[in-house]
file data15.cif (mmCIF, C-alpha atoms)
data_protein
#
loop_
_atom_site.label_atom_id
_atom_site.label_comp_id
_atom_site.auth_asym_id
_atom_site.auth_seq_id
_atom_site.Cartn_x
_atom_site.Cartn_y
_atom_site.Cartn_z
CA MET A 1127 15.98 9.60 10.60
CA GLN A 1128 14.02 6.78 12.19
CA ILE A 1129 10.42 6.29 11.13
CA ALA A 1130 8.50 3.99 13.48
CA ILE A 1131 5.28 2.30 12.39
CA PRO A 1132 3.58 0.51 15.30
CA LEU A 1133 1.58 -2.58 14.36
CA PHE A 1134 -1.20 -4.33 16.24
CA ASP A 1135 -3.54 -7.19 15.49
CA ARG A 1136 -6.09 -6.35 12.72
CA PHE A 1137 -4.44 -3.19 11.43
CA THR A 1138 -5.26 -2.16 7.84
CA ALA A 1139 -2.24 -2.96 5.70
CA LEU A 1140 -2.39 -0.09 3.20
CA ASP A 1141 -2.57 2.43 6.09
CA ALA A 1142 0.93 1.34 7.05
CA VAL A 1143 2.43 0.42 3.68
CA GLY A 1144 1.38 3.58 1.81
CA PRO A 1145 3.40 5.90 4.09
CA TYR A 1146 6.18 3.32 4.37
CA GLU A 1147 6.59 3.25 0.58
CA VAL A 1148 6.89 7.05 0.43
CA LEU A 1149 8.86 7.81 3.58
CA SER A 1150 11.36 4.95 3.17
CA ARG A 1151 12.53 6.73 0.01
CA LEU A 1152 13.62 9.85 1.90
CA PRO A 1153 17.40 10.22 2.04
CA GLY A 1154 18.69 8.74 5.29
CA ALA A 1155 15.35 7.25 6.28
CA GLN A 1156 15.16 4.02 8.23
CA VAL A 1157 11.69 2.57 8.72
CA THR A 1158 11.08 0.28 11.70
CA PHE A 1159 7.92 -1.78 12.08
CA ALA A 1160 7.36 -2.37 15.80
CA ALA A 1161 4.84 -4.11 18.04
CA THR A 1162 4.56 -5.16 21.66
CA ALA A 1163 6.50 -8.26 20.67
CA THR A 1164 8.58 -8.96 17.57
CA GLY A 1165 7.26 -11.30 14.91
CA PRO A 1166 4.44 -11.35 12.37
CA VAL A 1167 1.39 -9.16 13.01
CA ARG A 1168 -1.83 -9.97 11.14
CA SER A 1169 -3.87 -7.37 9.28
CA ASP A 1170 -7.65 -7.04 9.43
CA THR A 1171 -8.34 -9.60 6.69
CA GLY A 1172 -6.18 -12.25 8.32
CA ALA A 1173 -4.56 -12.83 4.93
CA LEU A 1174 -1.52 -10.59 5.38
CA ALA A 1175 1.12 -10.41 8.10
CA ILE A 1176 3.93 -7.89 8.36
CA THR A 1177 6.90 -8.70 10.57
CA ALA A 1178 7.48 -6.43 13.55
CA ASP A 1179 11.28 -6.32 13.56
CA ALA A 1180 11.44 -4.41 16.84
CA ALA A 1181 9.64 -4.38 20.15
CA LEU A 1182 8.02 -1.04 20.94
CA ALA A 1183 10.07 -0.85 24.14
CA ASP A 1184 13.25 -0.87 22.05
CA VAL A 1185 12.19 2.04 19.84
CA THR A 1186 12.81 4.88 22.24
CA ALA A 1187 13.44 7.97 20.12
CA PRO A 1188 11.87 7.77 16.64
CA ASP A 1189 11.88 10.96 14.57
CA ILE A 1190 8.57 10.13 12.94
CA VAL A 1191 5.70 7.97 14.17
CA VAL A 1192 2.97 6.75 11.81
CA VAL A 1193 0.06 5.00 13.55
CA PRO A 1194 -2.04 2.98 11.09
CA GLY A 1195 -5.76 2.38 11.48
CA GLY A 1196 -7.99 -0.62 11.08
CA PRO A 1197 -10.63 -2.45 13.07
CA GLY A 1198 -7.90 -3.47 15.53
CA THR A 1199 -7.66 0.12 16.75
CA ARG A 1200 -10.82 -0.41 18.81
CA ALA A 1201 -8.90 -2.80 21.07
CA MET A 1202 -6.24 -0.10 21.45
CA LEU A 1203 -8.42 2.62 22.95
CA GLU A 1204 -7.83 1.60 26.58
CA PRO A 1205 -4.61 2.37 28.45
CA GLY A 1206 -1.90 -0.14 27.59
CA PRO A 1207 1.58 -0.57 26.14
CA LEU A 1208 0.81 1.21 22.86
CA HIS A 1209 -0.50 4.32 24.67
CA GLU A 1210 2.50 4.29 27.00
CA TRP A 1211 4.84 4.04 24.05
CA ILE A 1212 3.12 6.86 22.16
CA ARG A 1213 3.24 9.09 25.22
CA SER A 1214 6.89 8.28 25.86
CA VAL A 1215 8.12 9.01 22.33
CA HIS A 1216 5.79 11.83 21.31
CA PRO A 1217 7.60 14.60 23.24
CA THR A 1218 10.76 14.09 21.18
CA THR A 1219 9.38 13.19 17.74
CA ARG A 1220 9.66 15.59 14.84
CA TRP A 1221 6.31 14.36 13.56
CA THR A 1222 3.61 12.25 15.20
CA THR A 1223 1.11 11.06 12.60
CA SER A 1224 -1.75 8.70 11.92
CA VAL A 1225 -3.67 7.26 8.99
CA CYS A 1226 -7.38 6.40 9.06
CA THR A 1227 -8.56 5.27 12.52
CA GLY A 1228 -4.99 5.42 13.80
CA SER A 1229 -6.08 8.87 15.00
CA LEU A 1230 -8.45 7.21 17.47
CA VAL A 1231 -5.40 5.65 19.12
CA LEU A 1232 -3.51 8.94 19.14
CA GLY A 1233 -6.60 10.58 20.65
CA ALA A 1234 -7.11 7.90 23.28
CA ALA A 1235 -3.44 8.28 24.24
CA GLY A 1236 -4.05 12.02 24.78
CA VAL A 1237 -2.02 13.33 21.86
CA LEU A 1238 -4.94 15.12 20.16
CA GLU A 1239 -6.03 17.14 23.20
CA GLY A 1240 -6.90 20.66 22.01
CA LEU A 1241 -6.17 19.79 18.37
CA GLU A 1242 -8.11 19.42 15.13
CA ALA A 1243 -7.79 15.96 13.63
CA THR A 1244 -9.27 13.67 11.02
CA THR A 1245 -9.90 9.96 10.45
CA HIS A 1246 -11.78 7.62 8.11
CA TRP A 1247 -15.08 9.30 7.16
CA ALA A 1248 -17.08 6.50 8.80
CA ALA A 1249 -15.29 6.97 12.16
CA MET A 1250 -15.71 10.74 12.51
CA GLY A 1251 -18.19 10.31 15.35
CA GLU A 1252 -15.75 8.17 17.29
CA LEU A 1253 -12.97 10.71 16.84
CA ALA A 1254 -15.00 13.73 17.98
CA PRO A 1255 -14.72 13.12 21.76
CA LEU A 1256 -10.98 12.40 21.45
CA CYS A 1257 -9.85 15.73 19.96
CA ALA A 1258 -10.89 19.39 19.89
CA THR A 1259 -12.48 19.26 16.44
CA ALA A 1260 -13.01 16.27 14.15
CA VAL A 1261 -12.46 17.64 10.64
CA GLY A 1262 -14.46 15.82 7.98
CA ASP A 1263 -13.60 17.73 4.85
CA ARG A 1264 -9.80 17.65 4.67
CA ARG A 1265 -7.64 14.69 3.66
CA ILE A 1266 -4.66 15.83 5.74
CA VAL A 1267 -4.99 17.79 8.98
CA ALA A 1268 -1.72 19.22 10.33
CA GLN A 1269 -1.52 20.82 13.77
CA GLY A 1270 2.08 21.65 14.49
CA LYS A 1271 3.90 18.35 14.44
CA VAL A 1272 0.75 16.26 14.80
CA VAL A 1273 -0.64 15.20 11.43
CA THR A 1274 -3.69 13.01 10.90
CA ALA A 1275 -4.89 11.67 7.56
CA ALA A 1276 -8.28 10.47 6.33
CA GLY A 1277 -9.06 6.84 5.48
CA VAL A 1278 -6.63 4.16 4.29
CA SER A 1279 -5.28 5.50 0.96
CA ALA A 1280 -4.95 9.04 2.38
CA GLY A 1281 -1.71 7.92 4.01
CA ILE A 1282 0.03 8.12 0.64
CA ASP A 1283 -0.97 11.77 0.20
CA MET A 1284 -0.03 12.57 3.80
CA ALA A 1285 3.38 10.95 3.41
CA LEU A 1286 4.14 12.95 0.26
CA TRP A 1287 3.13 16.14 2.08
CA LEU A 1288 5.36 15.11 4.98
CA ALA A 1289 8.23 14.29 2.63
CA ALA A 1290 7.99 17.84 1.29
CA GLN A 1291 8.09 19.33 4.80
CA ILE A 1292 11.12 17.21 5.70
CA ALA A 1293 13.20 17.23 2.52
CA GLY A 1294 11.63 19.89 0.30
CA ASP A 1295 9.19 19.88 -2.58
CA GLU A 1296 11.73 18.66 -5.11
CA VAL A 1297 12.52 15.48 -3.18
CA ALA A 1298 8.82 14.84 -2.57
CA LYS A 1299 8.13 15.19 -6.30
CA ALA A 1300 10.96 12.77 -7.10
CA ILE A 1301 9.47 10.23 -4.70
CA GLN A 1302 6.06 10.70 -6.32
CA LEU A 1303 7.66 10.03 -9.70
CA GLY A 1304 9.45 6.99 -8.30
CA ILE A 1305 6.19 5.39 -7.20
CA GLU A 1306 4.51 6.64 -10.39
CA TYR A 1307 1.77 8.23 -8.32
CA ASP A 1308 -0.38 9.70 -11.06
CA PRO A 1309 -3.68 8.39 -9.71
CA GLN A 1310 -6.39 7.54 -12.21
CA PRO A 1311 -9.13 5.75 -10.29
CA PRO A 1312 -11.74 4.37 -12.70
CA PHE A 1313 -14.53 5.96 -10.62
CA ASP A 1314 -14.97 9.11 -8.54
CA ALA A 1315 -16.52 7.55 -5.47
CA GLY A 1316 -13.80 7.99 -2.85
CA THR A 1317 -15.82 10.03 -0.34
CA PRO A 1318 -19.44 9.91 0.80
CA ALA A 1319 -19.97 13.35 -0.74
CA LYS A 1320 -18.96 12.02 -4.16
CA ALA A 1321 -20.53 8.56 -3.91
CA ASP A 1322 -24.19 7.71 -4.40
CA PRO A 1323 -26.17 6.85 -1.25
CA ALA A 1324 -26.55 3.39 -2.81
CA THR A 1325 -22.76 3.01 -2.83
CA VAL A 1326 -22.60 3.93 0.85
CA ALA A 1327 -25.28 1.33 1.61
CA LEU A 1328 -23.52 -1.31 -0.48
CA LEU A 1329 -20.27 -0.68 1.38
CA ALA A 1330 -22.06 -1.36 4.65
CA ASP A 1331 -23.20 -4.71 3.22
CA LEU A 1332 -19.67 -5.58 2.09
CA VAL A 1333 -18.32 -4.74 5.53
CA MET A 1334 -20.94 -6.93 7.20
CA ASP A 1335 -19.96 -9.71 4.81
CA ARG A 1336 -16.34 -9.42 5.95
CA VAL A 1337 -17.38 -9.35 9.61
CA SER A 1338 -19.34 -12.56 9.30
CA SER A 1339 -16.85 -14.37 7.07
CA ASP A 1340 -13.54 -13.66 8.75
CA GLY A 1341 -14.06 -11.39 11.75
CA ALA A 1342 -12.76 -8.31 9.98
CA ALA A 1343 -14.58 -5.00 9.73
CA ALA A 1344 -13.86 -1.57 8.37
CA PRO A 1345 -12.46 0.93 8.82
CA MET B 443 -12.23 -16.79 -5.40
CA GLN B 444 -8.54 -17.22 -4.64
CA ILE B 445 -6.18 -14.32 -5.31
CA ALA B 446 -2.53 -15.35 -5.26
CA ILE B 447 0.22 -12.79 -4.80
CA PRO B 448 3.68 -14.34 -5.30
CA LEU B 449 6.46 -12.76 -3.26
CA PHE B 450 10.22 -12.86 -3.82
CA ASP B 451 13.18 -11.19 -2.19
CA ARG B 452 13.32 -7.40 -2.78
CA PHE B 453 9.77 -6.97 -4.08
CA THR B 454 8.23 -3.48 -3.76
CA ALA B 455 5.69 -3.62 -0.95
CA LEU B 456 3.07 -1.20 -2.29
CA ASP B 457 2.95 -3.13 -5.59
CA ALA B 458 1.55 -6.06 -3.64
CA VAL B 459 -0.37 -4.34 -0.85
CA GLY B 460 -2.28 -1.86 -3.04
CA PRO B 461 -4.06 -4.61 -5.02
CA TYR B 462 -4.38 -6.76 -1.88
CA GLU B 463 -6.22 -3.95 -0.08
CA VAL B 464 -8.72 -3.58 -2.94
CA LEU B 465 -9.19 -7.19 -4.05
CA SER B 466 -9.44 -8.63 -0.51
CA ARG B 467 -12.63 -6.57 -0.14
CA LEU B 468 -14.40 -8.38 -2.98
CA PRO B 469 -17.18 -10.66 -1.74
CA GLY B 470 -15.84 -14.19 -1.35
CA ALA B 471 -12.23 -13.19 -1.97
CA GLN B 472 -9.38 -15.01 -0.28
CA VAL B 473 -5.92 -13.54 -0.77
CA THR B 474 -2.90 -15.85 -0.44
CA PHE B 475 0.64 -14.54 -0.29
CA ALA B 476 2.95 -17.26 -1.58
CA ALA B 477 6.66 -17.80 -2.20
CA THR B 478 9.00 -20.65 -2.99
CA ALA B 479 9.05 -21.35 0.75
CA THR B 480 6.70 -20.15 3.48
CA GLY B 481 7.86 -17.49 5.92
CA PRO B 482 8.78 -13.80 5.83
CA VAL B 483 9.88 -12.30 2.51
CA ARG B 484 11.80 -9.00 2.59
CA SER B 485 10.92 -6.04 0.42
CA ASP B 486 13.39 -3.90 -1.50
CA THR B 487 14.22 -1.59 1.40
CA GLY B 488 14.96 -4.45 3.78
CA ALA B 489 12.73 -2.73 6.34
CA LEU B 490 9.52 -4.63 5.62
CA ALA B 491 8.73 -8.33 5.45
CA ILE B 492 5.41 -9.91 4.49
CA THR B 493 4.75 -13.50 5.48
CA ALA B 494 4.29 -15.99 2.67
CA ASP B 495 1.60 -18.20 4.17
CA ALA B 496 1.76 -20.71 1.35
CA ALA B 497 4.38 -22.33 -0.83
CA LEU B 498 3.91 -21.64 -4.54
CA ALA B 499 3.70 -25.38 -5.16
CA ASP B 500 0.62 -25.56 -2.92
CA VAL B 501 -1.27 -22.83 -4.80
CA THR B 502 -2.35 -24.81 -7.81
CA ALA B 503 -5.48 -23.11 -9.13
CA PRO B 504 -5.74 -19.42 -8.20
CA ASP B 505 -8.49 -17.43 -9.89
CA ILE B 506 -6.39 -14.26 -9.95
CA VAL B 507 -2.62 -13.83 -9.93
CA VAL B 508 -1.00 -10.47 -9.12
CA VAL B 509 2.76 -10.37 -9.66
CA PRO B 510 4.35 -7.38 -7.89
CA GLY B 511 7.45 -5.60 -9.13
CA GLY B 512 10.58 -4.32 -7.50
CA PRO B 513 14.33 -4.58 -7.98
CA GLY B 514 14.04 -8.27 -7.04
CA THR B 515 12.32 -8.99 -10.35
CA ARG B 516 15.69 -8.86 -12.10
CA ALA B 517 16.71 -12.07 -10.31
CA MET B 518 13.43 -13.63 -11.52
CA LEU B 519 14.02 -13.26 -15.26
CA GLU B 520 15.75 -16.62 -15.71
CA PRO B 521 13.84 -19.93 -15.75
CA GLY B 522 13.04 -21.10 -12.24
CA PRO B 523 10.28 -22.01 -9.80
CA LEU B 524 8.38 -18.71 -10.20
CA HIS B 525 8.25 -19.06 -13.99
CA GLU B 526 7.18 -22.69 -13.68
CA TRP B 527 4.44 -21.70 -11.26
CA ILE B 528 3.20 -18.87 -13.47
CA ARG B 529 3.10 -21.14 -16.50
CA SER B 530 1.31 -23.89 -14.57
CA VAL B 531 -1.47 -21.68 -13.16
CA HIS B 532 -1.92 -19.18 -16.00
CA PRO B 533 -3.99 -21.49 -18.27
CA THR B 534 -6.75 -21.73 -15.65
CA THR B 535 -6.71 -18.25 -14.08
CA ARG B 536 -9.54 -15.82 -14.67
CA TRP B 537 -7.03 -12.97 -14.56
CA THR B 538 -3.23 -12.94 -14.69
CA THR B 539 -1.91 -9.54 -13.71
CA SER B 540 1.17 -7.58 -12.72
CA VAL B 541 2.10 -4.29 -11.15
CA CYS B 542 5.21 -2.27 -12.06
CA THR B 543 8.14 -4.48 -13.09
CA GLY B 544 6.12 -7.58 -12.24
CA SER B 545 5.37 -7.53 -15.97
CA LEU B 546 9.03 -8.31 -16.68
CA VAL B 547 8.52 -11.59 -14.81
CA LEU B 548 5.30 -12.34 -16.69
CA GLY B 549 7.13 -11.56 -19.91
CA ALA B 550 10.15 -13.69 -19.10
CA ALA B 551 7.79 -16.55 -18.25
CA GLY B 552 6.26 -16.23 -21.74
CA VAL B 553 2.85 -14.90 -20.71
CA LEU B 554 3.12 -11.65 -22.68
CA GLU B 555 3.97 -13.21 -26.02
CA GLY B 556 2.02 -11.35 -28.72
CA LEU B 557 0.48 -8.95 -26.20
CA GLU B 558 0.66 -5.26 -25.38
CA ALA B 559 1.84 -4.63 -21.82
CA THR B 560 3.12 -1.92 -19.52
CA THR B 561 5.47 -1.51 -16.56
CA HIS B 562 7.16 1.20 -14.49
CA TRP B 563 8.05 4.07 -16.83
CA ALA B 564 11.77 3.61 -16.12
CA ALA B 565 11.67 -0.07 -17.14
CA MET B 566 9.90 0.30 -20.49
CA GLY B 567 13.09 -0.57 -22.39
CA GLU B 568 13.46 -3.80 -20.44
CA LEU B 569 9.85 -4.78 -21.14
CA ALA B 570 9.98 -4.17 -24.89
CA PRO B 571 11.74 -7.44 -25.85
CA LEU B 572 9.44 -9.45 -23.57
CA CYS B 573 6.08 -8.53 -25.16
CA ALA B 574 4.64 -7.46 -28.52
CA THR B 575 4.35 -3.76 -27.63
CA ALA B 576 5.51 -1.96 -24.49
CA VAL B 577 2.84 0.70 -23.89
CA GLY B 578 4.16 3.80 -22.17
CA ASP B 579 1.13 6.02 -22.02
CA ARG B 580 -1.54 3.94 -20.28
CA ARG B 581 -1.74 3.16 -16.56
CA ILE B 582 -3.59 -0.12 -17.09
CA VAL B 583 -3.14 -2.33 -20.16
CA ALA B 584 -5.67 -5.14 -20.49
CA GLN B 585 -5.29 -7.85 -23.14
CA GLY B 586 -7.96 -10.44 -22.59
CA LYS B 587 -7.32 -11.84 -19.13
CA VAL B 588 -3.76 -10.52 -18.94
CA VAL B 589 -3.60 -7.12 -17.28
CA THR B 590 -0.43 -5.16 -16.58
CA ALA B 591 -0.22 -1.92 -14.60
CA ALA B 592 2.30 0.91 -14.56
CA GLY B 593 4.61 1.65 -11.62
CA VAL B 594 3.98 0.89 -7.93
CA SER B 595 0.86 2.92 -7.05
CA ALA B 596 -0.84 1.98 -10.35
CA GLY B 597 -1.73 -1.35 -8.77
CA ILE B 598 -4.49 0.38 -6.79
CA ASP B 599 -6.11 1.72 -9.95
CA MET B 600 -5.71 -1.63 -11.71
CA ALA B 601 -7.29 -3.49 -8.81
CA LEU B 602 -10.31 -1.18 -8.78
CA TRP B 603 -10.70 -1.69 -12.52
CA LEU B 604 -10.42 -5.44 -11.98
CA ALA B 605 -12.94 -5.32 -9.12
CA ALA B 606 -15.41 -3.71 -11.51
CA GLN B 607 -14.86 -6.41 -14.15
CA ILE B 608 -15.36 -9.14 -11.55
CA ALA B 609 -18.15 -7.80 -9.36
CA GLY B 610 -19.55 -4.81 -11.21
CA ASP B 611 -19.07 -1.07 -11.04
CA GLU B 612 -21.19 -0.65 -7.91
CA VAL B 613 -19.06 -3.02 -5.84
CA ALA B 614 -15.87 -1.42 -7.14
CA LYS B 615 -17.16 2.01 -6.14
CA ALA B 616 -18.06 0.73 -2.68
CA ILE B 617 -14.53 -0.61 -2.26
CA GLN B 618 -13.13 2.74 -3.40
CA LEU B 619 -15.27 4.45 -0.78
CA GLY B 620 -14.15 1.94 1.84
CA ILE B 621 -10.48 2.77 1.29
CA GLU B 622 -11.40 6.47 0.90
CA TYR B 623 -9.54 6.58 -2.39
CA ASP B 624 -10.07 10.20 -3.33
CA PRO B 625 -6.44 10.90 -4.23
CA GLN B 626 -5.13 14.40 -3.65
CA PRO B 627 -1.37 14.26 -4.17
CA PRO B 628 0.24 17.57 -3.16
CA PHE B 629 2.12 17.68 -6.48
CA ASP B 630 1.46 16.63 -10.07
CA ALA B 631 4.74 14.88 -10.76
CA GLY B 632 3.70 11.25 -11.06
CA THR B 633 4.96 10.63 -14.59
CA PRO B 634 8.03 11.81 -16.52
CA ALA B 635 5.73 13.75 -18.87
CA LYS B 636 4.38 15.75 -15.93
CA ALA B 637 7.59 16.08 -13.90
CA ASP B 638 10.42 18.52 -14.56
CA PRO B 639 13.61 17.04 -16.03
CA ALA B 640 15.25 18.14 -12.77
CA THR B 641 12.84 15.90 -10.85
CA VAL B 642 13.74 12.93 -13.05
CA ALA B 643 17.43 13.60 -12.42
CA LEU B 644 16.87 13.96 -8.67
CA LEU B 645 15.04 10.64 -8.58
CA ALA B 646 18.05 8.97 -10.17
CA ASP B 647 20.20 10.41 -7.35
CA LEU B 648 17.78 9.16 -4.69
CA VAL B 649 17.80 5.69 -6.22
CA MET B 650 21.60 5.63 -6.27
CA ASP B 651 21.54 6.67 -2.61
CA ARG B 652 19.33 3.67 -1.79
CA VAL B 653 21.54 1.34 -3.83
CA SER B 654 24.65 2.37 -1.97
CA SER B 655 23.08 2.47 1.49
CA ASP B 656 21.08 -0.74 1.59
CA GLY B 657 21.37 -2.60 -1.69
CA ALA B 658 17.92 -1.56 -2.88
CA ALA B 659 17.15 0.09 -6.19
CA ALA B 660 14.08 1.15 -8.09
CA PRO B 661 11.83 0.29 -9.70
#
call {"tool": "encode", "arguments": {"input": "data15.cif", "output": "C-alpha cells"}}
result
Amino acid sequence: MQIAIPLFDRFTALDAVGPYEVLSRLPGAQVTFAATATGPVRSDTGALAITADAALADVTAPDIVVVPGGPGTRAMLEPGPLHEWIRSVHPTTRWTTSVCTGSLVLGAAGVLEGLEATTHWAAMGELAPLCATAVGDRRIVAQGKVVTAAGVSAGIDMALWLAAQIAGDEVAKAIQLGIEYDPQPPFDAGTPAKADPATVALLADLVMDRVSSDGAAAP
Amino acid sequence: MQIAIPLFDRFTALDAVGPYEVLSRLPGAQVTFAATATGPVRSDTGALAITADAALADVTAPDIVVVPGGPGTRAMLEPGPLHEWIRSVHPTTRWTTSVCTGSLVLGAAGVLEGLEATTHWAAMGELAPLCATAVGDRRIVAQGKVVTAAGVSAGIDMALWLAAQIAGDEVAKAIQLGIEYDPQPPFDAGTPAKADPATVALLADLVMDRVSSDGAAAP
C-alpha cells in the first residue's frame, strides 16, 4: 500500500508529518514523499526541510494521496505539474485526501467538483468556489474516497479515521496507543468558535509578524 | 530566541515536528534542526528525512532544546557527541526538553539526575534508572527548566504549555488556533489505561511487523 505525500515549497510541516506518523504504522504501508524534483523541500517557516525521495512523475499509482496545506498552496492553484499529477493518479487511488489548505489544491485540480469539503477555518472563503459546499463545522469531511481535513493538526485525526477504514478500528486504536495520542491541550482555543475574539485578532498579528520576518504566512 | 532540535538516525518524526510547528510560531523564534553532521537525517520508518541545517558543534547557545525520541535513542545512550552537546548547552538554556524517549537521552547525559521525568508509556522501565522518579500518569512533567513529555503526540501539548510559559497564555492560545488544535480522535485509546488489553497486544504485533520489515521499532 503506497501512500504518497506531495511536497511543495512553503508547505506546513505538521500537515504532512501528522498523517505520515499515523499511516506509516499501517501494516504493509510504504510512505513516499514526492515533489516535482527529488531533494529537500522547505516548509513555510524556512527552518525545516523534508527530503522528496521521489519525483511526482515516478509515483504513478499510489493507493493513498495526502496533500498537505500551507501558504505555498497559493502558488499551486494554477495548472501545473502538481495538478497534472493529482488528476493522473486520482482515478486509481483508494483514497485522495488533504489536510488544511491542501484542499485548495485538490479543488483547483478539479477533484472537489460536486463535493463537500473542508480546510483551515481561515481559508473557508477561498475553498467555497472550488467545491460544492465548504463545510466549516466538521474536522473531517469524507465524500466517497475523497477526504478533506480541517487545519494543520486535524490531519492526525483524519489519518486515524482513515486507518480505521483501511485496517479496522482495532488497528487504528493500536496506532493511536503507539503515538500516545491522548490529547490534553492546556487551553480550549482550537477553533474560532471556542477562542475569544481577542485570540483571533492576536493570531492575525502573529501571522503578520511571520510574514514580515521570514516571508511565511498562515495557513 | 533559538530553538534547537537535535536529530539522529531513526528519530520519530512527529516527536520533532509537533513542537517545531508550535514553537516556530512564537514571536522571534528561530528553529534550528541540528545533527552531528549537516544533511538529511532519516526517521525510524526510513521513509522520511529532515535536513539538519546545522552541526551540533555550531549550535552553542540555544535558548530551548527539544530532544525527540524514537528507536534511534537506544544508540544514543552511551557517551558521545550528542551527550557532550547536551551537557555543554544545558547550563545556559532557558528550557531543556524532550518528547517520548528523548528523555532517555537526557537521562543518559545526566540532565535528569534528581528529577522527576516522563517518557513513552512503553519505555517507563528504561527511564526509571536514569532519573529520580519516572512519572507514568502525567503527559507533561516540568521540573524547573527541564520538561519531559510523554509519547510522540505529547510534544504538541508540551510545546503549547511551553509557549504559554514563554509568551503568555494569550499567545499560546493564538498558536493553538493557528494550528486548529481542537483534537477529536475517533477513538479514546491513547494510553494503556484507556485502551483494551487486546489493543496493547495488537500494538506489540504491529511494532514487530515494522521491526521485521524495515528495521524500525517503537517507541
call {"tool": "atom_distance", "arguments": {"input": "data15.cif", "atom1": "CA of Thr575 (chain B)", "atom2": "CA of Ala640 (chain B)"}}
result
28.6 Å
call {"tool": "atom_distance", "arguments": {"input": "data15.cif", "atom1": "CA of Ala1290 (chain A)", "atom2": "CA of Leu1149 (chain A)"}}
result
10.3 Å
call {"tool": "resolve_selection", "arguments": {"input": "data15.cif", "expression": "the PyMOL selection byres ((chain B) within 6 of (chain A))", "output": "ChimeraX atom specification"}}
result
/B:473,489,491-493,593-595,599,615-616,618-619,621-624,627,631-633,641,645
call {"tool": "closest_residue", "arguments": {"input": "data15.cif", "among": "A:Pro1207, A:Pro1197, A:Val1191, A:Gly1251", "to": "Lys1271 (chain A)", "atoms": "all atoms listed in the file"}}
result
A:Val1191
call {"tool": "atom_distance", "arguments": {"input": "data15.cif", "atom1": "CA of Met650 (chain B)", "atom2": "CA of Val1193 (chain A)"}}
result
29.3 Å
call {"tool": "closest_residue", "arguments": {"input": "data15.cif", "among": "A:Ala1180, A:Ala1201, A:Val1192, A:Ala1249", "to": "Asp1135 (chain A)", "atoms": "only C-alpha atoms"}}
result
A:Ala1201
call {"tool": "closest_residue", "arguments": {"input": "data15.cif", "among": "B:Ala576, B:Val583, B:Ala605, B:Pro521", "to": "Ile445 (chain B)", "atoms": "all atoms listed in the file"}}
result
B:Ala605
call {"tool": "residues_near_point", "arguments": {"input": "data15.cif", "point": "(4.1, -8.8, 21.1)", "cutoff": "9 Å", "atoms": "all atoms listed in the file", "output": "ChimeraX atom specification"}}
result
/A:1134,1160-1165,1167,1178,1181-1182
call {"tool": "closest_residue", "arguments": {"input": "data15.cif", "among": "A:His1209, A:Ile1292, A:Gly1198, A:Asp1184", "to": "Ala1235 (chain A)", "atoms": "all atoms listed in the file"}}
result
A:His1209
call {"tool": "residues_around", "arguments": {"input": "data15.cif", "residues": "Pro1255 (chain A)", "least_positions_apart": "2", "cutoff": "12 Å", "atoms": "only C-alpha atoms", "output": "JSON, numbers by chain"}}
result
{"A": [1229, 1230, 1233, 1234, 1236, 1238, 1239, 1240, 1241, 1242, 1243, 1249, 1250, 1251, 1252, 1253, 1257, 1258, 1259, 1260]}
call {"tool": "residues_near_point", "arguments": {"input": "data15.cif", "point": "(-9.6, -22.5, -11.2)", "cutoff": "7 Å", "atoms": "all atoms listed in the file", "output": "VMD selection string"}}
result
chain B and resid 503 to 505 534 to 535
call {"tool": "closest_residue", "arguments": {"input": "data15.cif", "among": "A:Pro1132, A:Pro1323, A:Gly1206, A:Gly1195", "to": "Thr1227 (chain A)", "atoms": "all atoms listed in the file"}}
result
A:Gly1195
